[in-house]
file model-v3.csv (CSV, C-alpha atoms and all ligand atoms)
chain,number,residue,atom,x,y,z
A,81,MET,CA,7.2,-18.8,-52.9
A,82,SER,CA,7.4,-22.5,-53.3
A,83,ASP,CA,4.0,-23.1,-51.7
A,84,VAL,CA,2.3,-20.6,-54.1
A,85,ALA,CA,4.2,-22.1,-57.1
A,86,GLN,CA,2.9,-25.6,-56.3
A,87,ALA,CA,-0.6,-24.7,-55.3
A,88,PRO,CA,-2.9,-26.7,-57.6
A,89,VAL,CA,-5.2,-23.7,-58.3
A,90,VAL,CA,-2.2,-21.6,-59.3
A,91,VAL,CA,-0.7,-24.2,-61.5
A,92,ALA,CA,-4.1,-24.8,-63.2
A,93,ARG,CA,-5.5,-21.3,-63.5
A,94,PHE,CA,-2.5,-19.1,-63.4
A,95,PRO,CA,0.4,-21.0,-65.0
A,96,VAL,CA,2.2,-17.7,-65.6
A,97,ILE,CA,2.4,-17.1,-61.8
A,98,SER,CA,3.6,-20.6,-61.0
A,99,GLN,CA,6.2,-20.5,-63.8
A,100,ALA,CA,7.5,-17.1,-62.8
A,101,LEU,CA,8.0,-18.2,-59.3
A,102,VAL,CA,9.9,-21.4,-60.3
A,103,ALA,CA,12.1,-19.3,-62.6
A,104,GLY,CA,13.2,-17.2,-59.7
A,105,ALA,CA,16.2,-17.6,-57.4
A,106,SER,CA,17.0,-21.2,-56.3
A,107,ALA,CA,14.8,-24.0,-54.7
A,108,GLN,CA,16.4,-23.3,-51.3
A,109,LEU,CA,15.7,-19.5,-51.6
A,110,ARG,CA,12.1,-20.1,-52.8
A,111,ASN,CA,11.4,-22.4,-49.9
A,112,MET,CA,12.4,-19.6,-47.4
A,113,ALA,CA,11.3,-16.5,-49.2
A,114,SER,CA,7.8,-14.9,-48.9
A,115,MET,CA,5.7,-13.3,-51.6
A,116,GLY,CA,5.8,-9.9,-49.8
A,117,GLY,CA,9.5,-10.2,-49.4
A,118,ASN,CA,9.9,-10.9,-53.1
A,119,LEU,CA,7.9,-7.9,-54.2
A,120,CYS,CA,9.8,-5.7,-51.8
A,121,GLN,CA,13.3,-7.0,-52.4
A,122,ARG,CA,15.8,-4.2,-53.3
A,123,VAL,CA,17.4,-3.9,-56.7
A,124,ARG,CA,20.5,-5.8,-57.7
A,125,CYS,CA,22.4,-2.8,-59.2
A,126,GLY,CA,26.0,-3.3,-58.3
A,127,TYR,CA,26.4,0.5,-57.5
A,128,PHE,CA,23.4,0.4,-55.1
A,129,ARG,CA,25.1,-2.5,-53.3
A,130,ASP,CA,28.6,-0.8,-53.3
A,131,VAL,CA,28.6,1.9,-50.7
A,132,ALA,CA,31.7,3.4,-52.2
A,133,SER,CA,29.8,4.4,-55.4
A,134,PRO,CA,27.3,7.2,-55.9
A,135,CYS,CA,23.7,6.0,-55.9
A,136,ASN,CA,20.6,8.2,-55.9
A,137,LYS,CA,18.6,5.3,-54.6
A,138,ARG,CA,20.8,4.6,-51.6
A,139,GLU,CA,21.8,8.2,-51.0
A,140,PRO,CA,19.5,10.7,-52.8
A,141,GLY,CA,21.3,13.4,-54.7
A,142,SER,CA,24.7,11.6,-54.8
A,143,GLY,CA,24.4,10.7,-58.5
A,144,CYS,CA,24.2,7.4,-60.5
A,145,ALA,CA,27.3,5.5,-61.4
A,146,ALA,CA,25.4,3.1,-63.6
A,147,MET,CA,24.5,5.8,-66.3
A,148,ASP,CA,27.9,5.6,-67.8
A,149,GLY,CA,29.2,2.6,-65.9
A,150,MET,CA,28.6,-1.1,-66.1
A,151,ASN,CA,25.0,-1.1,-67.2
A,152,ARG,CA,24.6,-4.3,-69.1
A,153,GLY,CA,21.9,-5.6,-66.8
A,154,HIS,CA,20.1,-2.2,-66.3
A,155,ALA,CA,16.7,-1.0,-67.5
A,156,ILE,CA,15.8,0.3,-70.9
A,157,LEU,CA,12.3,1.2,-70.0
A,158,GLY,CA,11.0,3.5,-67.2
A,159,GLY,CA,14.4,4.9,-66.3
A,160,SER,CA,15.0,8.6,-65.3
A,161,GLY,CA,18.1,10.8,-65.1
A,162,THR,CA,18.5,9.6,-61.5
A,163,CYS,CA,18.2,5.8,-61.8
A,164,ILE,CA,18.1,3.0,-64.3
A,165,ALA,CA,18.2,0.0,-61.9
A,166,THR,CA,16.1,-3.0,-63.1
A,167,HIS,CA,13.3,-4.3,-61.0
A,168,PRO,CA,14.5,-7.8,-59.9
A,169,SER,CA,11.3,-9.8,-59.2
A,170,ASP,CA,10.0,-12.4,-61.6
A,171,VAL,CA,6.6,-13.1,-60.0
A,172,ALA,CA,5.8,-9.4,-59.9
A,173,VAL,CA,5.9,-9.4,-63.7
A,174,ALA,CA,3.3,-12.2,-63.8
A,175,LEU,CA,1.2,-10.4,-61.2
A,176,VAL,CA,1.3,-7.2,-63.2
A,177,ALA,CA,0.1,-9.1,-66.3
A,178,VAL,CA,-3.0,-10.4,-64.5
A,179,ASP,CA,-3.8,-7.1,-62.7
A,180,ALA,CA,-3.2,-8.4,-59.1
A,181,VAL,CA,-4.2,-6.3,-56.1
A,182,VAL,CA,-1.8,-5.8,-53.2
A,183,HIS,CA,-3.5,-5.5,-49.8
A,184,THR,CA,-1.7,-3.9,-46.9
A,185,ARG,CA,-2.1,-3.1,-43.3
A,186,GLY,CA,-0.3,-0.4,-41.4
A,187,PRO,CA,-0.6,2.2,-38.6
A,188,GLY,CA,-3.1,4.1,-40.8
A,189,GLY,CA,-5.3,1.1,-41.4
A,190,GLU,CA,-5.8,-1.2,-44.5
A,191,ARG,CA,-5.2,-0.2,-48.1
A,192,ALA,CA,-5.3,-1.9,-51.5
A,193,PHE,CA,-3.2,-1.0,-54.5
A,194,GLY,CA,-3.5,-2.1,-58.1
A,195,ILE,CA,-0.2,-3.8,-58.6
A,196,ASP,CA,0.9,-1.4,-61.4
A,197,ASP,CA,0.5,1.4,-58.9
A,198,PHE,CA,2.3,-0.5,-56.2
A,199,PHE,CA,5.7,-0.2,-58.1
A,200,LEU,CA,6.9,3.3,-58.5
A,201,LEU,CA,9.0,4.7,-61.4
A,202,PRO,CA,12.2,6.2,-60.2
A,203,GLY,CA,11.5,9.8,-61.5
A,204,ASP,CA,13.2,12.2,-59.1
A,205,THR,CA,12.7,9.9,-56.1
A,206,PRO,CA,14.4,6.6,-56.9
A,207,ASP,CA,14.7,5.9,-53.2
A,208,ARG,CA,11.0,5.3,-53.1
A,209,GLU,CA,10.2,2.0,-54.8
A,210,HIS,CA,6.7,1.4,-53.5
A,211,PRO,CA,4.0,3.4,-51.6
A,212,LEU,CA,4.3,1.6,-48.3
A,213,ASP,CA,4.5,3.7,-45.2
A,214,HIS,CA,6.8,2.8,-42.3
A,215,GLY,CA,5.3,-0.1,-40.5
A,216,GLU,CA,2.9,-1.0,-43.3
A,217,LEU,CA,3.0,-4.7,-44.4
A,218,ILE,CA,1.6,-6.6,-47.4
A,219,THR,CA,-1.0,-8.9,-46.0
A,220,ALA,CA,-2.4,-10.4,-49.2
A,221,ILE,CA,-2.0,-10.5,-52.9
A,222,GLU,CA,-5.3,-10.9,-54.7
A,223,VAL,CA,-5.5,-12.2,-58.2
A,224,PRO,CA,-8.8,-11.7,-60.0
A,225,ALA,CA,-10.4,-14.7,-61.7
A,226,LEU,CA,-9.2,-14.2,-65.2
A,227,PRO,CA,-10.2,-16.9,-67.7
A,228,VAL,CA,-7.5,-15.8,-70.2
A,229,ALA,CA,-4.8,-16.6,-67.6
A,230,CYS,CA,-5.5,-20.3,-67.9
A,231,ARG,CA,-3.6,-20.1,-71.1
A,232,SER,CA,-0.5,-18.1,-70.0
A,233,VAL,CA,3.2,-18.5,-70.0
A,234,TYR,CA,6.3,-17.0,-68.4
A,235,LEU,CA,9.6,-17.0,-70.4
A,236,LYS,CA,12.8,-15.9,-68.8
A,237,PHE,CA,16.1,-15.2,-70.6
A,238,ARG,CA,19.3,-15.0,-68.5
A,239,ASP,CA,23.0,-15.6,-68.5
A,240,ARG,CA,22.6,-19.1,-66.9
A,241,GLN,CA,19.5,-21.3,-66.6
A,242,SER,CA,19.2,-21.3,-62.8
A,243,TYR,CA,19.8,-19.0,-59.9
A,244,GLU,CA,20.1,-15.9,-62.0
A,245,PHE,CA,18.1,-12.7,-62.6
A,246,ALA,CA,16.4,-12.0,-65.9
A,247,LEU,CA,18.1,-10.1,-68.8
A,248,ALA,CA,14.6,-10.1,-70.3
A,249,SER,CA,11.4,-11.9,-69.4
A,250,VAL,CA,7.8,-12.0,-70.6
A,251,ALA,CA,4.6,-12.8,-68.9
A,252,ALA,CA,1.9,-13.5,-71.5
A,253,ALA,CA,-1.7,-14.6,-71.8
A,254,ILE,CA,-3.7,-14.7,-74.9
A,255,ARG,CA,-7.2,-15.6,-76.2
A,256,VAL,CA,-7.6,-16.1,-79.9
A,257,GLU,CA,-11.0,-16.2,-81.7
A,258,ASP,CA,-11.3,-17.0,-85.4
A,259,GLY,CA,-7.6,-16.4,-85.9
A,260,THR,CA,-7.5,-13.0,-84.3
A,261,VAL,CA,-6.4,-11.7,-80.9
A,262,ALA,CA,-9.5,-11.2,-78.8
A,263,GLU,CA,-7.7,-10.7,-75.5
A,264,VAL,CA,-4.1,-10.4,-74.5
A,265,ARG,CA,-2.0,-9.6,-71.4
A,266,LEU,CA,1.7,-8.8,-71.7
A,267,ALA,CA,4.3,-7.7,-69.1
A,268,LEU,CA,8.1,-7.6,-69.2
A,269,GLY,CA,10.8,-8.2,-66.7
A,270,GLY,CA,14.5,-7.6,-66.7
A,271,VAL,CA,14.2,-4.5,-68.9
A,272,GLY,CA,12.2,-2.0,-66.7
A,273,THR,CA,12.7,0.0,-63.6
A,274,LYS,CA,9.4,-1.6,-62.5
A,275,PRO,CA,7.6,-4.7,-63.8
A,276,TRP,CA,6.6,-3.4,-67.1
A,277,ARG,CA,3.0,-3.8,-68.4
A,278,ALA,CA,3.4,-3.7,-72.2
A,279,ARG,CA,0.3,-1.7,-72.9
A,280,ARG,CA,1.4,-0.5,-76.3
A,281,ALA,CA,1.9,-4.0,-77.5
A,282,GLU,CA,-1.4,-5.1,-76.1
A,283,ALA,CA,-3.2,-2.3,-77.8
A,284,SER,CA,-1.5,-3.1,-81.1
A,285,LEU,CA,-2.5,-6.8,-80.9
A,286,LEU,CA,-6.2,-6.5,-80.2
A,287,GLY,CA,-8.2,-7.5,-83.3
A,288,ARG,CA,-5.1,-8.4,-85.3
A,289,PRO,CA,-4.3,-11.8,-86.8
A,290,ALA,CA,-2.7,-14.0,-84.2
A,291,ASP,CA,0.5,-14.5,-86.3
A,292,GLU,CA,4.1,-13.8,-86.1
A,293,ALA,CA,3.9,-10.6,-88.1
A,294,SER,CA,1.4,-9.1,-85.6
A,295,PHE,CA,3.5,-10.2,-82.7
A,296,ALA,CA,6.7,-8.7,-84.1
A,297,GLU,CA,4.9,-5.4,-84.8
A,298,ALA,CA,3.5,-5.3,-81.3
A,299,ALA,CA,6.9,-6.0,-79.8
A,300,ARG,CA,8.5,-3.3,-82.0
A,301,GLN,CA,5.9,-0.7,-80.9
A,302,GLU,CA,6.5,-1.5,-77.2
A,303,LEU,CA,10.3,-1.3,-77.4
A,304,ALA,CA,10.2,1.8,-79.6
A,305,GLN,CA,10.1,3.8,-76.3
A,306,ALA,CA,13.3,2.1,-74.9
A,307,THR,CA,16.2,4.2,-74.0
A,308,PRO,CA,19.2,1.9,-73.8
A,309,ARG,CA,22.6,2.8,-72.5
A,310,ARG,CA,26.0,1.8,-73.8
A,311,GLN,CA,26.1,-1.8,-72.7
A,312,ASN,CA,22.4,-2.8,-72.7
A,313,GLU,CA,21.3,-2.0,-76.2
A,314,PHE,CA,21.0,-5.8,-76.9
A,315,LYS,CA,18.0,-5.9,-74.6
A,316,VAL,CA,15.9,-4.0,-77.1
A,317,GLU,CA,16.2,-6.9,-79.6
A,318,LEU,CA,16.1,-9.5,-76.8
A,319,ALA,CA,12.9,-8.2,-75.4
A,320,GLN,CA,11.2,-8.1,-78.8
A,321,ARG,CA,12.2,-11.7,-79.6
A,322,ALA,CA,11.1,-12.8,-76.1
A,323,ILE,CA,7.6,-11.2,-76.7
A,324,VAL,CA,7.3,-12.9,-80.1
A,325,ARG,CA,8.4,-16.3,-78.7
A,326,ALA,CA,6.0,-16.1,-75.8
A,327,LEU,CA,3.0,-15.3,-78.1
A,328,ASN,CA,4.0,-17.9,-80.7
A,329,THR,CA,4.2,-20.4,-77.9
A,330,LEU,CA,0.7,-19.6,-76.7
A,331,ALA,CA,-0.8,-19.3,-80.2
A,332,SER,CA,0.8,-22.4,-81.7
A,333,ASN,CA,-1.0,-24.8,-79.3
A,334,THR,CA,2.3,-26.5,-78.4
A,335,LEU,CA,2.4,-25.4,-74.8
A,336,THR,CA,2.7,-28.0,-72.2
A,337,ASN,CA,2.9,-27.1,-68.5
A,338,GLY,CA,6.4,-26.2,-67.5
A,339,ASP,CA,7.7,-25.6,-71.0
A,340,ALA,CA,8.5,-22.0,-70.4
A,341,ARG,CA,10.9,-22.4,-67.6
B,1,LIG,C1,21.2,-15.0,-54.9
B,1,LIG,C2,19.8,-14.6,-55.1
B,1,LIG,C3,19.1,-14.8,-56.3
B,1,LIG,C4,17.8,-14.4,-56.5
B,1,LIG,N1,17.2,-14.6,-57.7
B,1,LIG,C5,16.0,-14.2,-57.9
B,1,LIG,C6,15.4,-14.3,-59.2
B,1,LIG,O1,16.0,-14.7,-60.1
B,1,LIG,N2,14.1,-13.8,-59.3
B,1,LIG,C7,13.4,-13.3,-58.2
B,1,LIG,O2,12.2,-12.9,-58.4
B,1,LIG,N3,13.9,-13.2,-57.0
B,1,LIG,C8,15.2,-13.6,-56.8
B,1,LIG,N4,15.8,-13.5,-55.6
B,1,LIG,C9,15.0,-12.9,-54.5
B,1,LIG,C10,14.4,-14.0,-53.6
B,1,LIG,O3,13.6,-14.9,-54.3
B,1,LIG,C11,13.6,-13.4,-52.4
B,1,LIG,O4,12.4,-13.0,-52.9
B,1,LIG,C12,14.3,-12.2,-51.8
B,1,LIG,O5,15.6,-12.6,-51.4
B,1,LIG,C13,13.5,-11.8,-50.6
B,1,LIG,O6,13.5,-12.7,-49.6
B,1,LIG,P1,12.5,-12.8,-48.4
B,1,LIG,O7,11.2,-13.2,-48.9
B,1,LIG,O8,13.1,-13.7,-47.3
B,1,LIG,O9,12.3,-11.3,-47.9
B,1,LIG,P2,13.2,-10.5,-46.8
B,1,LIG,O10,14.6,-10.5,-47.2
B,1,LIG,O11,12.8,-10.9,-45.5
B,1,LIG,O12,12.5,-9.1,-47.1
B,1,LIG,C14,12.9,-8.3,-48.3
B,1,LIG,C15,12.3,-6.9,-48.0
B,1,LIG,O13,10.9,-7.0,-48.1
B,1,LIG,C16,10.3,-6.5,-46.8
B,1,LIG,N5,9.2,-7.3,-46.6
B,1,LIG,C17,9.2,-8.7,-46.4
B,1,LIG,N6,7.9,-9.1,-46.2
B,1,LIG,C18,7.1,-8.0,-46.3
B,1,LIG,C19,5.7,-7.8,-46.2
B,1,LIG,N7,4.8,-8.8,-46.1
B,1,LIG,N8,5.2,-6.5,-46.4
B,1,LIG,C20,6.1,-5.5,-46.6
B,1,LIG,N9,7.4,-5.6,-46.7
B,1,LIG,C21,7.9,-6.9,-46.5
B,1,LIG,C22,11.5,-6.6,-45.8
B,1,LIG,O14,11.3,-5.7,-44.7
B,1,LIG,C23,12.7,-6.3,-46.6
B,1,LIG,O15,12.8,-4.9,-46.8
B,1,LIG,C24,17.1,-13.9,-55.4
B,1,LIG,C25,17.7,-13.7,-54.2
B,1,LIG,C26,19.0,-14.1,-54.0
B,1,LIG,C27,19.7,-13.9,-52.6
call {"tool": "encode", "arguments": {"input": "model-v3.csv", "output": "structure tokens", "more": "lines below"}}
Ligand SMILES: Cc1cc2nc3c(=O)[nH]c(=O)nc-3n(C[C@H](O)[C@H](O)[C@H](O)COP(=O)(O)OP(=O)(O)OC[C@H]3O[C@@H](n4cnc5c(N)ncnc54)[C@H](O)[C@@H]3O)c2cc1C
result
Amino acid sequence: MSDVAQAPVVVARFPVISQALVAGASAQLRNMASMGGNLCQRVRCGYFRDVASPCNKREPGSGCAAMDGMNRGHAILGGSGTCIATHPSDVAVALVAVDAVVHTRGPGGERAFGIDDFFLLPGDTPDREHPLDHGELITAIEVPALPVACRSVYLKFRDRQSYEFALASVAAAIRVEDGTVAEVRLALGGVGTKPWRARRAEASLLGRPADEASFAEAARQELAQATPRRQNEFKVELAQRAIVRALNTLASNTLTNGDAR
């Protein structure tokens, strides 16, 4: 993770990926961890980790203690009646925003997945988080040359500034022409059961003035589909504010590399 975060081509052409990597875990962890391991890390839900609690992800059919339990950190997007655990990866959010492709090799040969298809919604099978077969490994992550990504940012909001998972995060890239949004990429972390491509917000923004009113309306439309639980309702507002701040940061020309961390 550290190698990728510091690679000159990543810093220059995909700042959103570099910043998302640096926002994750700690320097020591990033020095040891791999990109494949980061994408495939298991969720941080306390009930998943506590073998004394029911958890459909750990033990299908046993129930989900998070539904009415301690769910402050849980997902408000993409949940099902079986699981609301939040996807933990930061860099996956950036990779979803730029339409990365995950290449794999396994006993059945080589495969490639658009990254949005690589992460599975919990549905009725929350124990399946990705489509990898037993023995299949990620061999490469391909990022398409995407000019809009040169102007991109990753913002992460969490309980403390380091060594902490996101309560909400945003990967954003935008191209503005004559004051209107000509191209935009948005993805959310910390709020979804998978890294969440904010397609409703993107659709709302295209062709609209690149101003705070448009950004707020796009954020409102994306989060209108949220289904918060008792303790995580604050994430609806937090995610909307995060989207607006990320887009304002990009549109206002004040961005300097590293600002977003
Ligand atoms: C305290 C703590 C805080 C953290 N905070 C954050 C954070 O804020 N943001 C964030 O994004 N991450 C965070 N992480 C995750 C961390 O950055 C690592 O990504 C994670 O721990 C995985 O480590 P690893 O790469 O050594 O993978 P491993 O632990 O070796 O592997 C993780 C899983 O992935 C599988 N795997 C590994 N490589 C491949 C491959 N090539 N193909 C298929 N499967 C593979 C393994 O079999 C295993 O199931 C945190 C971790 C810890 C422990």
call {"tool": "residues_around", "arguments": {"input": "model-v3.csv", "residues": "segment 189-204 of chain A", "least_positions_apart": "2", "cutoff": "8 Å", "atoms": "all atoms listed in the file", "output": "ChimeraX atom specification"}}
result
/A:158-164,175-176,179-187,206-211,273-275,277
call {"tool": "closest_atom_pairs", "arguments": {"input": "model-v3.csv", "of": "chain A", "to": "ligand LIG 1 (chain B)", "cutoff": "7 Å", "atoms": "all atoms listed in the file", "output": "CSV"}}
result
residue,atom,partner,partner_atom,distance
A:Leu101,CA,B:LIG1,O2,6.8
A:Ala103,CA,B:LIG1,O1,6.5
A:Gly104,CA,B:LIG1,N2,3.5
A:Ala105,CA,B:LIG1,N1,3.2
A:Ser106,CA,B:LIG1,C3,6.7
A:Leu109,CA,B:LIG1,O3,5.7
A:Arg110,CA,B:LIG1,O3,5.6
A:Met112,CA,B:LIG1,O8,5.9
A:Ala113,CA,B:LIG1,O7,3.3
A:Ser114,CA,B:LIG1,O7,3.8
A:Met115,CA,B:LIG1,O7,6.1
A:Gly116,CA,B:LIG1,N7,4.0
A:Gly117,CA,B:LIG1,O9,3.4
A:Asn118,CA,B:LIG1,O4,3.3
A:Leu119,CA,B:LIG1,O13,6.9
A:Cys120,CA,B:LIG1,O13,4.1
A:Gln121,CA,B:LIG1,C14,4.3
A:Arg122,CA,B:LIG1,C15,6.9
A:Pro168,CA,B:LIG1,O2,5.8
A:Ser169,CA,B:LIG1,O2,3.3
A:Asp170,CA,B:LIG1,O2,3.9
A:Val171,CA,B:LIG1,O2,5.8
A:Glu216,CA,B:LIG1,C20,6.4
A:Leu217,CA,B:LIG1,N8,3.5
A:Ile218,CA,B:LIG1,N8,3.7
A:Thr219,CA,B:LIG1,N7,5.8
A:Tyr243,CA,B:LIG1,N1,5.6
A:Glu244,CA,B:LIG1,O1,4.7
A:Phe245,CA,B:LIG1,O1,3.8
A:Ala246,CA,B:LIG1,O1,6.4
call {"tool": "closest_residue", "arguments": {"input": "model-v3.csv", "among": "A:Val271, A:Val223, A:Pro134, A:Arg300", "to": "Ser284 of chain A", "atoms": "only C-alpha atoms"}}
result
A:Arg300
call {"tool": "residues_around", "arguments": {"input": "model-v3.csv", "residues": "Ile323 of chain A", "least_positions_apart": "3", "cutoff": "10 Å", "atoms": "all atoms listed in the file", "output": "PyMOL selection string"}}
result
chain A and resi 235+248-252+266-268+278+281+295-296+298-300+302+318-320+326-329
call {"tool": "write_last_selection", "arguments": {"input": "model-v3.csv", "atoms": "C-alpha atoms", "output": "CSV table (one decimal), in the coordinates of the input"}}
result
chain,number,residue,atom,x,y,z
A,235,LEU,CA,9.6,-17.0,-70.4
A,248,ALA,CA,14.6,-10.1,-70.3
A,249,SER,CA,11.4,-11.9,-69.4
A,250,VAL,CA,7.8,-12.0,-70.6
A,251,ALA,CA,4.6,-12.8,-68.9
A,252,ALA,CA,1.9,-13.5,-71.5
A,266,LEU,CA,1.7,-8.8,-71.7
A,267,ALA,CA,4.3,-7.7,-69.1
A,268,LEU,CA,8.1,-7.6,-69.2
A,278,ALA,CA,3.4,-3.7,-72.2
A,281,ALA,CA,1.9,-4.0,-77.5
A,295,PHE,CA,3.5,-10.2,-82.7
A,296,ALA,CA,6.7,-8.7,-84.1
A,298,ALA,CA,3.5,-5.3,-81.3
A,299,ALA,CA,6.9,-6.0,-79.8
A,300,ARG,CA,8.5,-3.3,-82.0
A,302,GLU,CA,6.5,-1.5,-77.2
A,318,LEU,CA,16.1,-9.5,-76.8
A,319,ALA,CA,12.9,-8.2,-75.4
A,320,GLN,CA,11.2,-8.1,-78.8
A,326,ALA,CA,6.0,-16.1,-75.8
A,327,LEU,CA,3.0,-15.3,-78.1
A,328,ASN,CA,4.0,-17.9,-80.7
A,329,THR,CA,4.2,-20.4,-77.9
call {"tool": "closest_residue", "arguments": {"input": "model-v3.csv", "among": "A:Cys135, A:Gly269, A:Val90, A:Val84", "to": "His167 of chain A", "atoms": "all atoms listed in the file"}}
result
A:Gly269
call {"tool": "closest_residue", "arguments": {"input": "model-v3.csv", "among": "A:Tyr127, A:Ile97, A:Gln86, A:Glu282", "to": "Glu139 of chain A", "atoms": "all atoms listed in the file"}}
result
A:Tyr127
call {"tool": "atom_distance", "arguments": {"input": "model-v3.csv", "atom1": "atom CA of Val173 of chain A", "atom2": "atom CA of Gly272 of chain A"}}
result
10.2 Å
call {"tool": "residues_around", "arguments": {"input": "model-v3.csv", "residues": "segment 313-317 of chain A", "least_positions_apart": "3", "cutoff": "8 Å", "atoms": "all atoms listed in the file", "output": "number ranges by chain"}}
result
A: 156, 247-248, 271, 303, 306, 308-310, 320-321
call {"tool": "atom_distance", "arguments": {"input": "model-v3.csv", "atom1": "atom CA of Ala146 of chain A", "atom2": "atom CA of Thr205 of chain A"}}
result
16.2 Å
call {"tool": "atom_distance", "arguments": {"input": "model-v3.csv", "atom1": "atom CA of Ser232 of chain A", "atom2": "atom CA of Ala253 of chain A"}}
result
4.1 Å
call {"tool": "closest_residue", "arguments": {"input": "model-v3.csv", "among": "A:Ala322, A:Ala331, A:Val89, A:Ala100", "to": "Tyr234 of chain A", "atoms": "all atoms listed in the file"}}
result
A:Ala100
call {"tool": "closest_residue", "arguments": {"input": "model-v3.csv", "among": "A:Ala132, A:Ala283, A:Val123, A:Cys230", "to": "Ser98 of chain A", "atoms": "all atoms listed in the file"}}
result
A:Cys230
call {"tool": "closest_residue", "arguments": {"input": "model-v3.csv", "among": "A:Thr166, A:Ser242, A:Thr307, A:Ser142", "to": "Val102 of chain A", "atoms": "only C-alpha atoms"}}
result
A:Ser242
call {"tool": "build_atoms", "arguments": {"input": "model-v3.csv", "residues": "segment 199-204 of chain A", "atoms": "all heavy atoms", "output": "mmCIF file, in the coordinates of the input"}}
result
data_model
loop_
_atom_site.group_PDB
_atom_site.id
_atom_site.type_symbol
_atom_site.label_atom_id
_atom_site.label_comp_id
_atom_site.auth_asym_id
_atom_site.auth_seq_id
_atom_site.Cartn_x
_atom_site.Cartn_y
_atom_site.Cartn_z
ATOM 1 N N PHE A 199 4.264 -0.453 -57.719
ATOM 2 C CA PHE A 199 5.700 -0.200 -58.100
ATOM 3 C C PHE A 199 5.828 1.152 -58.669
ATOM 4 O O PHE A 199 5.142 1.486 -59.642
ATOM 5 C CB PHE A 199 6.139 -1.312 -59.056
ATOM 6 C CG PHE A 199 6.062 -2.694 -58.485
ATOM 7 C CD1 PHE A 199 5.104 -3.592 -58.930
ATOM 8 C CD2 PHE A 199 6.927 -3.095 -57.486
ATOM 9 C CE1 PHE A 199 5.026 -4.864 -58.396
ATOM 10 C CE2 PHE A 199 6.851 -4.368 -56.940
ATOM 11 C CZ PHE A 199 5.899 -5.254 -57.393
ATOM 12 N N LEU A 200 6.726 1.945 -58.100
ATOM 13 C CA LEU A 200 6.900 3.300 -58.500
ATOM 14 C C LEU A 200 8.042 3.474 -59.502
ATOM 15 O O LEU A 200 9.080 2.823 -59.343
ATOM 16 C CB LEU A 200 7.145 4.216 -57.295
ATOM 17 C CG LEU A 200 6.115 4.113 -56.159
ATOM 18 C CD1 LEU A 200 6.519 5.030 -55.002
ATOM 19 C CD2 LEU A 200 4.713 4.464 -56.655
ATOM 20 N N LEU A 201 7.851 4.321 -60.503
ATOM 21 C CA LEU A 201 9.000 4.700 -61.400
ATOM 22 C C LEU A 201 9.953 5.533 -60.601
ATOM 23 O O LEU A 201 9.555 6.253 -59.680
ATOM 24 C CB LEU A 201 8.431 5.459 -62.596
ATOM 25 C CG LEU A 201 7.617 4.634 -63.605
ATOM 26 C CD1 LEU A 201 6.918 5.561 -64.601
ATOM 27 C CD2 LEU A 201 8.509 3.637 -64.333
ATOM 28 N N PRO A 202 11.242 5.483 -60.982
ATOM 29 C CA PRO A 202 12.200 6.200 -60.200
ATOM 30 C C PRO A 202 12.019 7.732 -60.198
ATOM 31 O O PRO A 202 12.136 8.389 -59.148
ATOM 32 C CB PRO A 202 13.566 5.823 -60.782
ATOM 33 C CG PRO A 202 13.256 5.285 -62.136
ATOM 34 C CD PRO A 202 11.867 4.710 -62.051
ATOM 35 N N GLY A 203 11.705 8.301 -61.379
ATOM 36 C CA GLY A 203 11.500 9.800 -61.500
ATOM 37 C C GLY A 203 12.642 10.490 -60.721
ATOM 38 O O GLY A 203 13.815 10.160 -60.885
ATOM 39 N N ASP A 204 12.248 11.452 -59.894
ATOM 40 C CA ASP A 204 13.200 12.200 -59.100
ATOM 41 C C ASP A 204 13.410 11.616 -57.705
ATOM 42 O O ASP A 204 14.169 12.144 -56.886
ATOM 43 C CB ASP A 204 12.794 13.668 -58.951
ATOM 44 C CG ASP A 204 12.830 14.388 -60.291
ATOM 45 O OD1 ASP A 204 13.664 14.004 -61.134
ATOM 46 O OD2 ASP A 204 12.021 15.310 -60.486
#
